[in-house]
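What follows is target_15.cif (mmCIF, C-alpha atoms and all ligand atoms).
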data_coords
#
loop_
_atom_site.label_atom_id
_atom_site.label_comp_id
_atom_site.auth_asym_id
_atom_site.auth_seq_id
_atom_site.Cartn_x
_atom_site.Cartn_y
_atom_site.Cartn_z
CA MET A 11 -23.58 -9.93 -8.68
CA GLU A 12 -27.23 -10.62 -9.17
CA ARG A 13 -29.26 -8.61 -6.69
CA LEU A 14 -29.36 -10.45 -3.35
CA ASN A 15 -32.45 -12.61 -3.04
CA ALA A 16 -34.90 -12.51 -0.14
CA PHE A 17 -33.25 -15.59 1.41
CA ASP A 18 -29.81 -13.89 1.50
CA ILE A 19 -31.24 -10.72 3.06
CA ARG A 20 -33.17 -12.73 5.71
CA GLU A 21 -29.99 -14.64 6.52
CA LEU A 22 -27.92 -11.41 6.79
CA GLU A 23 -30.57 -10.02 9.17
CA ARG A 24 -30.44 -13.21 11.24
CA LEU A 25 -26.64 -13.06 11.44
CA CYS A 26 -26.41 -9.31 12.20
CA PRO A 27 -29.74 -8.33 13.80
CA GLY A 28 -30.51 -4.62 13.41
CA GLY A 29 -27.41 -4.07 11.26
CA VAL A 30 -28.75 -4.54 7.71
CA LYS A 31 -29.75 -1.67 5.39
CA GLU A 32 -30.87 -2.16 1.79
CA ASN A 33 -30.68 0.26 -1.19
CA VAL A 34 -28.47 2.83 0.48
CA SER A 35 -27.41 5.96 -1.44
CA LEU A 36 -23.60 6.09 -1.35
CA ALA A 37 -23.79 9.81 -2.13
CA ALA A 38 -25.76 10.23 1.11
CA ILE A 39 -23.37 8.28 3.35
CA SER A 40 -19.91 8.81 1.85
CA ARG A 41 -17.47 11.59 2.74
CA TRP A 42 -17.13 12.75 -0.86
CA GLN A 43 -20.93 12.50 -1.28
CA ILE A 44 -20.42 10.62 -4.54
CA GLY A 45 -21.64 7.23 -5.73
CA GLY A 46 -24.70 5.29 -6.87
CA THR A 47 -26.81 2.97 -4.74
CA ALA A 48 -25.39 0.15 -2.60
CA ASP A 49 -27.57 -2.97 -2.63
CA VAL A 50 -26.91 -3.78 1.02
CA ILE A 51 -24.77 -2.49 3.88
CA VAL A 52 -24.26 -4.76 6.91
CA GLU A 53 -22.88 -3.48 10.19
CA PRO A 54 -21.91 -6.26 12.64
CA SER A 55 -22.02 -5.52 16.38
CA SER A 56 -19.48 -8.12 17.60
CA VAL A 57 -16.52 -10.19 16.42
CA ALA A 58 -18.77 -13.27 16.54
CA GLU A 59 -21.25 -11.61 14.16
CA LEU A 60 -18.41 -10.55 11.87
CA CYS A 61 -17.10 -14.15 11.76
CA SER A 62 -20.53 -15.61 10.92
CA LEU A 63 -21.15 -12.90 8.33
CA ARG A 64 -17.84 -13.59 6.54
CA ALA A 65 -18.41 -17.36 6.67
CA PHE A 66 -21.88 -16.92 5.11
CA ILE A 67 -20.58 -14.60 2.37
CA ALA A 68 -17.84 -17.18 1.52
CA GLN A 69 -20.27 -20.10 1.56
CA GLU A 70 -22.69 -18.30 -0.81
CA GLY A 71 -19.84 -17.01 -3.03
CA LEU A 72 -21.03 -13.39 -2.72
CA PRO A 73 -18.70 -10.47 -3.53
CA SER A 74 -18.04 -8.21 -0.55
CA VAL A 75 -16.12 -5.12 0.50
CA VAL A 76 -15.24 -3.59 3.87
CA ILE A 77 -15.54 0.11 4.64
CA GLY A 78 -15.17 2.34 7.68
CA ASP A 79 -16.16 6.00 7.51
CA THR A 80 -15.41 6.18 3.71
CA SER A 81 -13.04 9.13 4.23
CA ASN A 82 -10.49 7.68 1.80
CA LEU A 83 -12.85 6.12 -0.74
CA LEU A 84 -14.39 7.11 -4.07
CA PHE A 85 -17.42 5.00 -4.97
CA SER A 86 -18.46 4.19 -8.52
CA ASP A 87 -21.29 6.19 -10.08
CA GLU A 88 -22.86 2.79 -10.81
CA GLY A 89 -23.18 1.99 -7.09
CA LEU A 90 -22.28 -1.26 -5.36
CA ARG A 91 -23.49 -4.78 -6.28
CA ALA A 92 -21.65 -6.47 -3.39
CA VAL A 93 -22.27 -7.02 0.31
CA CYS A 94 -20.78 -3.93 1.94
CA ILE A 95 -19.48 -4.71 5.46
CA ARG A 96 -19.24 -1.54 7.50
CA LEU A 97 -17.46 -1.30 10.86
CA GLY A 98 -18.65 1.71 12.84
CA SER A 99 -20.32 2.68 16.09
CA ARG A 100 -21.71 -0.84 16.74
CA MET A 101 -18.12 -2.09 17.19
CA SER A 102 -16.41 0.84 18.87
CA SER A 103 -15.56 -0.08 22.48
CA VAL A 104 -12.34 1.21 24.07
CA HIS A 105 -10.58 -0.07 27.23
CA ILE A 106 -7.42 1.47 28.62
CA GLU A 107 -5.18 -0.41 31.07
CA ASN A 108 -2.07 1.51 32.13
CA ASP A 109 -0.31 2.39 28.83
CA ILE A 110 -2.15 -0.17 26.67
CA VAL A 111 -5.29 0.74 24.70
CA HIS A 112 -7.66 -1.99 23.46
CA ALA A 113 -10.01 -0.56 20.85
CA GLN A 114 -12.52 -2.02 18.40
CA ALA A 115 -12.08 -1.15 14.73
CA GLY A 116 -15.25 0.94 14.40
CA VAL A 117 -14.20 3.57 16.94
CA TRP A 118 -14.06 7.15 15.60
CA VAL A 119 -10.38 8.17 15.57
CA PRO A 120 -10.71 11.77 16.93
CA PHE A 121 -12.78 10.36 19.85
CA LEU A 122 -10.13 7.68 20.49
CA ALA A 123 -7.35 10.31 20.43
CA ARG A 124 -9.25 12.34 23.07
CA LYS A 125 -9.74 9.23 25.26
CA ILE A 126 -6.02 8.47 25.06
CA MET A 127 -5.22 12.07 26.01
CA SER A 128 -7.67 11.88 28.97
CA ALA A 129 -5.79 8.80 30.22
CA GLY A 130 -2.58 10.90 30.26
CA LEU A 131 -1.01 8.98 27.39
CA THR A 132 1.01 10.57 24.59
CA GLY A 133 1.59 9.35 21.01
CA ALA A 134 -1.90 9.62 19.45
CA GLU A 135 -1.98 13.42 19.13
CA HIS A 136 -1.20 13.31 15.39
CA THR A 137 -4.44 11.38 14.76
CA CYS A 138 -6.77 13.82 16.56
CA GLY A 139 -8.07 15.47 13.36
CA ILE A 140 -8.27 12.43 11.06
CA PRO A 141 -11.92 11.72 10.23
CA GLY A 142 -12.18 7.93 10.09
CA THR A 143 -12.40 4.68 12.03
CA LEU A 144 -9.51 2.88 13.68
CA GLY A 145 -9.88 0.01 11.16
CA GLY A 146 -9.49 2.42 8.22
CA LEU A 147 -6.58 4.19 9.93
CA ILE A 148 -4.71 0.90 10.49
CA CYS A 149 -5.41 -0.35 6.95
CA MET A 150 -4.08 2.95 5.50
CA ASN A 151 -1.37 3.36 8.20
CA GLY A 152 -2.82 6.86 8.41
CA GLY A 153 -1.39 9.67 10.46
CA SER A 154 -0.10 13.20 10.26
CA GLN A 155 3.00 15.17 11.30
CA ARG A 156 5.05 12.59 9.33
CA LYS A 157 3.76 9.76 11.54
CA GLY A 158 1.63 6.66 10.97
CA VAL A 159 -0.59 4.78 13.44
CA GLY A 160 1.55 1.66 12.84
CA SER A 161 4.17 2.98 15.25
CA SER A 162 1.64 2.60 18.13
CA VAL A 163 0.32 -0.86 17.17
CA VAL A 164 1.17 -3.90 19.30
CA THR A 165 -1.21 -6.46 17.75
CA VAL A 166 -4.23 -6.45 15.45
CA GLU A 167 -7.17 -8.85 15.55
CA SER A 168 -8.85 -9.53 12.22
CA VAL A 169 -11.29 -11.92 10.55
CA ASP A 170 -10.36 -13.67 7.31
CA THR A 171 -12.67 -14.43 4.38
CA ALA A 172 -13.61 -17.85 5.81
CA GLY A 173 -14.65 -16.30 9.14
CA ASN A 174 -11.58 -17.29 11.20
CA ILE A 175 -10.05 -14.94 13.76
CA CYS A 176 -6.37 -14.01 13.13
CA HIS A 177 -3.89 -12.11 15.27
CA ARG A 178 -0.96 -10.22 13.76
CA SER A 179 2.00 -8.67 15.52
CA VAL A 180 3.13 -5.21 14.40
CA GLU A 181 5.83 -6.80 12.17
CA GLN A 182 3.21 -9.00 10.50
CA CYS A 183 1.12 -5.90 9.74
CA GLU A 184 3.90 -4.77 7.32
CA PHE A 185 3.35 -1.07 7.91
CA SER A 186 5.00 1.37 5.50
CA TYR A 187 4.09 4.89 4.33
CA ARG A 188 0.23 4.91 4.08
CA SER A 189 0.24 1.16 3.57
CA SER A 190 -0.25 -2.11 5.50
CA VAL A 191 -0.79 -5.79 4.80
CA TYR A 192 -4.56 -5.21 5.17
CA GLN A 193 -4.65 -3.44 1.79
CA ASN A 194 -3.96 -6.80 0.13
CA ASN A 195 -5.00 -9.68 2.38
CA SER A 196 -8.84 -9.36 2.47
CA GLU A 197 -8.92 -9.59 6.28
CA VAL A 198 -11.33 -7.34 8.18
CA ILE A 199 -9.73 -5.63 11.17
CA ALA A 200 -11.88 -6.19 14.26
CA SER A 201 -9.78 -4.61 17.01
CA ALA A 202 -6.26 -3.56 17.94
CA LYS A 203 -4.00 -3.31 20.93
CA LEU A 204 -2.04 -0.04 20.91
CA SER A 205 0.73 1.16 23.19
CA PHE A 206 1.54 4.73 24.28
CA LEU A 207 3.82 6.51 26.75
CA SER A 208 2.75 8.41 29.86
CA GLY A 209 2.74 12.15 29.34
CA ASP A 210 1.55 15.48 30.67
CA LYS A 211 -2.19 15.72 29.98
CA LEU A 212 -2.12 19.52 29.63
CA LYS A 213 0.76 19.45 27.14
CA ILE A 214 -0.91 16.66 25.13
CA ARG A 215 -4.14 18.69 25.01
CA GLN A 216 -2.29 21.82 23.86
CA GLU A 217 -0.51 19.85 21.14
CA MET A 218 -3.84 18.47 19.92
CA LEU A 219 -5.45 21.93 19.89
CA SER A 220 -2.54 23.32 17.89
CA ILE A 221 -2.74 20.43 15.36
CA LEU A 222 -6.50 21.01 14.97
CA ALA A 223 -6.05 24.77 14.55
CA GLU A 224 -3.42 24.24 11.84
CA ARG A 225 -5.64 21.73 10.00
CA ASN A 226 -8.63 24.10 10.19
CA ARG A 227 -6.52 26.85 8.69
CA LYS A 228 -4.93 24.74 5.93
CA PHE A 229 -7.64 22.34 4.77
CA PRO A 230 -10.96 23.05 3.04
CA ARG A 231 -13.71 22.48 5.61
CA LYS A 232 -17.02 23.35 3.99
CA LEU A 233 -17.25 21.18 0.88
CA PRO A 234 -17.14 17.33 0.88
CA ASN A 235 -13.69 15.91 0.16
CA CYS A 236 -11.49 12.91 0.90
CA GLY A 237 -8.47 14.59 2.42
CA SER A 238 -5.17 14.78 0.53
CA VAL A 239 -5.62 13.41 -2.98
CA PHE A 240 -1.96 12.67 -3.78
CA LYS A 241 0.72 11.11 -1.58
CA SER A 242 3.87 13.03 -0.87
CA ASN A 243 6.92 11.55 -2.61
CA PRO A 244 10.33 12.27 -0.95
CA ALA A 245 12.31 12.57 -4.24
CA MET A 246 9.67 14.82 -5.79
CA TYR A 247 9.41 16.84 -2.56
CA GLU A 248 13.13 17.55 -2.64
CA LYS A 249 13.04 18.60 -6.28
CA ALA A 250 9.78 20.55 -6.48
CA GLY A 251 7.97 20.62 -3.10
CA PRO A 252 4.81 18.97 -1.70
CA PRO A 253 1.99 17.84 -4.05
CA GLY A 254 -0.24 20.84 -3.21
CA ALA A 255 2.47 23.38 -4.14
CA ILE A 256 3.31 21.55 -7.40
CA ILE A 257 -0.35 21.27 -8.44
CA GLU A 258 -0.87 24.96 -7.65
CA SER A 259 2.23 25.96 -9.62
CA LEU A 260 0.84 24.10 -12.65
CA GLY A 261 -2.28 26.28 -12.52
CA PHE A 262 -4.79 23.68 -11.33
CA LYS A 263 -6.02 25.51 -8.22
CA GLY A 264 -9.77 26.06 -8.71
CA ALA A 265 -9.87 23.90 -11.90
CA CYS A 266 -13.21 22.13 -12.37
CA CYS A 267 -14.55 19.06 -14.08
CA GLY A 268 -18.31 18.74 -13.74
CA GLY A 269 -19.02 19.12 -10.01
CA ALA A 270 -15.46 18.29 -8.92
CA GLN A 271 -13.04 21.11 -8.24
CA VAL A 272 -9.38 21.37 -7.21
CA SER A 273 -9.91 23.24 -3.95
CA PRO A 274 -9.16 26.98 -4.23
CA HIS A 275 -8.06 26.66 -0.56
CA HIS A 276 -5.48 23.84 -0.95
CA ALA A 277 -4.55 22.33 -4.32
CA ASN A 278 -4.03 18.78 -2.98
CA PHE A 279 -7.76 18.51 -2.20
CA ILE A 280 -10.59 17.86 -4.65
CA VAL A 281 -13.96 19.08 -3.38
CA ASN A 282 -17.48 18.16 -4.45
CA THR A 283 -19.22 21.45 -5.26
CA GLY A 284 -22.61 19.73 -5.32
CA VAL A 285 -23.14 17.31 -8.17
CA ALA A 286 -19.74 15.69 -8.69
CA ARG A 287 -19.57 12.20 -10.16
CA ALA A 288 -16.73 9.72 -9.66
CA ARG A 289 -15.90 10.25 -13.32
CA ASP A 290 -15.34 13.99 -12.72
CA VAL A 291 -12.90 13.30 -9.86
CA LEU A 292 -11.01 10.68 -11.90
CA THR A 293 -10.77 13.06 -14.88
CA LEU A 294 -9.19 15.77 -12.70
CA VAL A 295 -6.81 13.26 -11.07
CA SER A 296 -5.79 11.90 -14.47
CA LYS A 297 -5.14 15.41 -15.91
CA ILE A 298 -3.11 16.47 -12.86
CA SER A 299 -0.95 13.33 -12.77
CA ARG A 300 -0.16 13.53 -16.50
CA CYS A 301 0.76 17.21 -16.20
CA VAL A 302 2.98 16.60 -13.12
CA LEU A 303 4.76 13.74 -14.91
CA GLU A 304 5.37 15.89 -18.00
CA SER A 305 6.48 19.01 -16.10
CA VAL A 306 8.27 17.68 -13.01
CA GLY A 307 9.25 14.21 -14.24
CA HIS A 308 7.75 12.38 -11.25
CA HIS A 309 4.78 10.10 -10.96
CA ILE A 310 2.35 11.41 -8.36
CA GLU A 311 0.37 8.62 -6.70
CA PRO A 312 -3.23 9.09 -5.48
CA GLU A 313 -3.80 8.22 -1.81
CA PHE A 314 -7.55 7.44 -1.91
CA LYS A 315 -8.94 4.17 -3.29
CA PHE A 316 -11.64 3.55 -5.86
CA VAL A 317 -14.48 1.13 -5.04
CA SER A 318 -15.77 -0.59 -8.17
CA VAL A 319 -19.38 -1.60 -8.69
CA HIS A 320 -18.36 -5.20 -7.87
CA GLY A 321 -16.76 -4.19 -4.56
CA GLU A 322 -13.10 -4.32 -5.60
CA ILE A 323 -11.03 -1.71 -3.79
CA MET A 324 -8.61 -0.49 -6.42
CA PRO A 325 -5.56 1.77 -6.29
CA VAL A 326 -6.60 4.76 -8.40
CA ASP A 327 -3.53 4.37 -10.66
CA GLU A 328 -4.80 0.94 -11.64
CA MET A 329 -8.28 2.30 -12.22
CA LEU A 330 -6.91 5.06 -14.47
CA LYS A 331 -5.15 2.62 -16.83
CA GLY A 332 -7.21 2.82 -19.98
CA PHE A 333 -9.25 5.74 -18.60
CA PHE A 334 -9.56 8.55 -21.12
CA TYR A 335 -10.90 11.92 -20.08
CA GLU A 336 -13.08 14.05 -22.28
C1 LIG B 401 -10.81 16.07 5.68
C2 LIG B 401 -9.94 14.83 5.66
C3 LIG B 401 -8.69 14.89 6.22
C4 LIG B 401 -7.86 13.74 6.21
N1 LIG B 401 -6.65 13.82 6.80
C5 LIG B 401 -5.86 12.74 6.83
C6 LIG B 401 -4.57 12.78 7.48
O1 LIG B 401 -4.15 13.79 8.03
N2 LIG B 401 -3.82 11.66 7.46
C7 LIG B 401 -4.25 10.49 6.88
O2 LIG B 401 -3.51 9.49 6.93
N3 LIG B 401 -5.45 10.42 6.27
C8 LIG B 401 -6.27 11.50 6.23
N4 LIG B 401 -7.48 11.44 5.62
C9 LIG B 401 -7.89 10.19 4.93
C10 LIG B 401 -8.70 9.24 5.83
O3 LIG B 401 -9.35 9.97 6.83
C11 LIG B 401 -7.85 8.16 6.48
O4 LIG B 401 -7.23 7.36 5.51
C12 LIG B 401 -8.71 7.27 7.40
O5 LIG B 401 -7.85 6.56 8.24
C13 LIG B 401 -9.63 6.32 6.67
O6 LIG B 401 -10.51 5.73 7.63
P1 LIG B 401 -11.99 5.29 7.22
O7 LIG B 401 -12.60 4.62 8.40
O8 LIG B 401 -12.75 6.43 6.67
O9 LIG B 401 -11.68 4.22 6.10
P2 LIG B 401 -12.37 4.07 4.66
O10 LIG B 401 -12.11 5.30 3.87
O11 LIG B 401 -13.77 3.63 4.82
O12 LIG B 401 -11.50 2.87 4.07
C14 LIG B 401 -10.14 3.10 3.72
C15 LIG B 401 -9.49 1.72 3.47
O13 LIG B 401 -9.47 1.01 4.69
C16 LIG B 401 -10.15 -0.24 4.54
N5 LIG B 401 -10.82 -0.53 5.81
C17 LIG B 401 -11.69 0.26 6.48
N6 LIG B 401 -12.06 -0.35 7.62
C18 LIG B 401 -11.42 -1.56 7.64
C19 LIG B 401 -11.40 -2.65 8.54
N7 LIG B 401 -12.11 -2.65 9.69
N8 LIG B 401 -10.65 -3.74 8.23
C20 LIG B 401 -9.91 -3.77 7.10
N9 LIG B 401 -9.88 -2.77 6.21
C21 LIG B 401 -10.63 -1.67 6.49
C22 LIG B 401 -11.10 -0.07 3.37
O14 LIG B 401 -11.37 -1.31 2.75
C23 LIG B 401 -10.27 0.86 2.48
O15 LIG B 401 -9.33 0.11 1.75
C24 LIG B 401 -8.33 12.55 5.62
C25 LIG B 401 -9.61 12.50 5.07
C26 LIG B 401 -10.42 13.63 5.09
C27 LIG B 401 -11.80 13.55 4.52
#
Represent the structure contained in this file as structure tokens.
Amino acid sequence: MERLNAFDIRELERLCPGGVKENVSLAAISRWQIGGTADVIVEPSSVAELCSLRAFIAQEGLPSVVIGDTSNLLFSDEGLRAVCIRLGSRMSSVHIENDIVHAQAGVWVPFLARKIMSAGLTGAEHTCGIPGTLGGLICMNGGSQRKGVGSSVVTVESVDTAGNICHRSVEQCEFSYRSSVYQNNSEVIASAKLSFLSGDKLKIRQEMLSILAERNRKFPRKLPNCGSVFKSNPAMYEKAGPPGAIIESLGFKGACCGGAQVSPHHANFIVNTGVARARDVLTLVSKISRCVLESVGHHIEPEFKFVSVHGEIMPVDEMLKGFFYE
């Protein structure tokens, strides 16, 4: 994309007042602290703004991408020449009526899990330590303790590329392990209706504290990372164990490429020790997946997504085709 002209920027500011930032360092705002400069990030504050924004982007033929808290994304070292739509605190309201939770996509998931616990509802405990927005969690069908948020979804409201509002039932969301229809349909999730069961507030709180304590013990906490790098694969698990144990057994724990390092704390995490580039992370991922394939005979699939300079969100496997490491 050519850099946006002054007319486009003025129009974005008119459509989303107070929500437009130009020339943003992706290394400064992303979880992995990696990436070049994004031309423009736009954060709508209502569904109406999101609809007008998408309609304008379609009308002008501009490339675009949607992000939440970036906790599952690796940005290109070249930056982002696309309109980056971010859903965050400006669209993060939550209303709870009996056992139904209405939440906007930008709400911070650990905060939402605490709100649900305070309302005496059980079923969201497994999400209490996942650093991301509800929109990102639904798109990834994220969760822990062998659960995914999809099991709590009733309906999802989204906005398509032309700026129309859509509603999908849980079946239409096509949830499966760490996947949903939103990974392929270009809709932006605006809000969701979730359902939970009544429970004992004290027990729910204790369960959340124990999940958080376990995560603090197991996961690297100091250096920037994007959570688990590789998905667990049931057949591979049965044969050789979880990804972290396999990667460790192949001697990768602590292995470095540039500023990226396989965490010495947990081998299924790659941390940024300070100056990592996207290329360093991809090199490590590529080396690990080739070695696992050769030694264990299973393909190990990365969980995070790569964001290209043109704003395409790509499965890392696709990105690695034709990628040769030094
Ligand atoms: C320390 C750490 C621990 C983690 N632990 C877990 C865990 O236990 N379980 C787990 O499942 N994940 C985990 N993750 C990964 C990540 O937190 C989740 O995938 C999270 O749900 C992503 O949310 P996000 O807002 O950061 O989305 P992003 O990373 O910004 O985006 C992820 C995907 O969602 C899409 N997306 C984001 N918002 C929207 C929207 N509003 N509409 C449509 N699409 C959207 C993006 O386009 C992208 O494809 C962890 C990450 C870290 C850093």
(request) Counting all atoms listed in the file, name the residues that have an atom within 6 Å of an atom of ligand LIG 401 (chain B); the answer should be given as a ChimeraX atom specification. (result) /A:76-83,97,115,140-143,145-147,149-150,152-154,192-193,197-200,235-237
(message) Nearest residue to A:Asp18 out of A:Ser168, A:Ser208, A:Gln69, A:Ser102, using all atoms listed in the file?
(response)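 Answer, going by the shortest atom-to-atom distance: A:Gln69.
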(request) Give me the residues within 9 Å of A:Ser186 as a PyMOL selection string, counting only C-alpha atoms and dropping any in the same chain fewer than 5 places off. (result) chain A and resi 151+158+160
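Across the structure, atom CA of A:Gln114 and atom CA of A:Leu219 are spaced 25.0 Å apart.
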Would you write out, as JSON lines, a table of all residues in stretch 84-199 of chain A that have an atom no more than 10 Å from an atom of stretch 298-314 of chain A, listing for each the closest atom pair and the distance in Å to one decimal, considering all atoms listed in the file and ordering rows by chain and rising residue number?
{"residue": "A:Leu84", "atom": "CA", "partner": "A:Phe314", "partner_atom": "CA", "distance": 7.2}
{"residue": "A:Met150", "atom": "CA", "partner": "A:Glu313", "partner_atom": "CA", "distance": 9.0}
{"residue": "A:Arg188", "atom": "CA", "partner": "A:Glu313", "partner_atom": "CA", "distance": 7.9}
{"residue": "A:Ser189", "atom": "CA", "partner": "A:Glu313", "partner_atom": "CA", "distance": 9.8}
(message) Would you compute the distance between atom CA of A:Phe229 and atom CA of A:Ser40? Give it in Å to one decimal.
(response)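 Separation of atom CA of A:Phe229 and atom CA of A:Ser40: 18.5 Å.
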(message) Residues near A:Ser62, anyone? I mean within 10 Å using all atoms listed in the file, not counting same-chain ones fewer than 4 positions away, as a ChimeraX atom specification.
(response) /A:22,25-26,54,57-58,66-68,169,172-174
Give me, as CSV, each residue of stretch 126-243 of chain A that comes within 7 Å of stretch 270-285 of chain A, together with its shortest interatomic pair and the distance in Å at one decimal, counting only C-alpha atoms, with rows ordered by chain and rising residue number.
residue,atom,partner,partner_atom,distance
A:Lys228,CA,A:His276,CA,7.0
A:Phe229,CA,A:His276,CA,6.3
A:Pro230,CA,A:His275,CA,5.9
A:Leu233,CA,A:Val281,CA,5.8
A:Pro234,CA,A:Asn282,CA,5.4
A:Asn235,CA,A:Val281,CA,4.8
A:Gly237,CA,A:Phe279,CA,6.1
A:Ser238,CA,A:Phe279,CA,5.3
A:Val239,CA,A:Phe279,CA,5.6
A:Phe240,CA,A:Asn278,CA,6.5
(request) Record the distance separating atom CA of A:Glu107 and atom CA of A:Ser205, expressed in Å with one decimal. (result)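 These atoms are spaced 10.0 Å apart.
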(message) Restricting the calculation to all atoms listed in the file: of A:Cys176, A:Met218, A:Leu207, A:Ala92, which residue gets closest to A:Asn195?
(response)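 Smallest distance to A:Asn195 is found for A:Cys176.
Shortest separation to A:Val159 among A:Ile19, A:Cys138, A:Met101, A:Ala288 occurs at residue A:Cys138, atoms counted being all atoms listed in the file.
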For stretch 253-271 of chain A, supply N, CA and C atoms and report the output as a short mmCIF file (atom, residue, chain, number, x, y, z; two decimals), keeping the file's coordinate frame.
data_model
loop_
_atom_site.label_atom_id
_atom_site.label_comp_id
_atom_site.auth_asym_id
_atom_site.auth_seq_id
_atom_site.Cartn_x
_atom_site.Cartn_y
_atom_site.Cartn_z
N PRO A 253 2.94 17.93 -2.93
CA PRO A 253 1.99 17.84 -4.05
C PRO A 253 1.14 19.10 -4.22
N GLY A 254 0.65 19.67 -3.11
CA GLY A 254 -0.24 20.84 -3.21
C GLY A 254 0.46 22.00 -3.92
N ALA A 255 1.74 22.25 -3.55
CA ALA A 255 2.47 23.38 -4.14
C ALA A 255 2.72 23.13 -5.62
N ILE A 256 3.04 21.88 -5.98
CA ILE A 256 3.31 21.55 -7.40
C ILE A 256 2.02 21.73 -8.22
N ILE A 257 0.93 21.19 -7.70
CA ILE A 257 -0.35 21.27 -8.44
C ILE A 257 -0.76 22.73 -8.62
N GLU A 258 -0.55 23.52 -7.57
CA GLU A 258 -0.87 24.96 -7.65
C GLU A 258 0.01 25.65 -8.69
N SER A 259 1.32 25.29 -8.68
CA SER A 259 2.23 25.96 -9.62
C SER A 259 1.89 25.61 -11.07
N LEU A 260 1.21 24.49 -11.28
CA LEU A 260 0.84 24.10 -12.65
C LEU A 260 -0.52 24.70 -13.05
N GLY A 261 -1.07 25.52 -12.17
CA GLY A 261 -2.28 26.28 -12.52
C GLY A 261 -3.59 25.54 -12.30
N PHE A 262 -3.55 24.46 -11.51
CA PHE A 262 -4.79 23.68 -11.33
C PHE A 262 -5.71 24.19 -10.21
N LYS A 263 -5.20 25.06 -9.35
CA LYS A 263 -6.02 25.51 -8.22
C LYS A 263 -7.34 26.08 -8.75
N GLY A 264 -8.46 25.58 -8.27
CA GLY A 264 -9.77 26.06 -8.71
C GLY A 264 -10.27 25.40 -9.99
N ALA A 265 -9.42 24.54 -10.64
CA ALA A 265 -9.87 23.90 -11.90
C ALA A 265 -11.05 22.96 -11.62
N CYS A 266 -11.99 22.93 -12.57
CA CYS A 266 -13.21 22.13 -12.37
C CYS A 266 -13.38 21.08 -13.45
N CYS A 267 -14.03 20.01 -13.08
CA CYS A 267 -14.55 19.06 -14.08
C CYS A 267 -15.91 18.65 -13.55
N GLY A 268 -16.97 18.99 -14.27
CA GLY A 268 -18.31 18.74 -13.74
C GLY A 268 -18.43 19.38 -12.36
N GLY A 269 -18.86 18.58 -11.37
CA GLY A 269 -19.02 19.12 -10.01
C GLY A 269 -17.78 18.98 -9.15
N ALA A 270 -16.68 18.45 -9.72
CA ALA A 270 -15.46 18.29 -8.92
C ALA A 270 -14.54 19.47 -9.17
N GLN A 271 -13.91 19.94 -8.11
CA GLN A 271 -13.04 21.11 -8.24
C GLN A 271 -11.76 20.93 -7.41
#
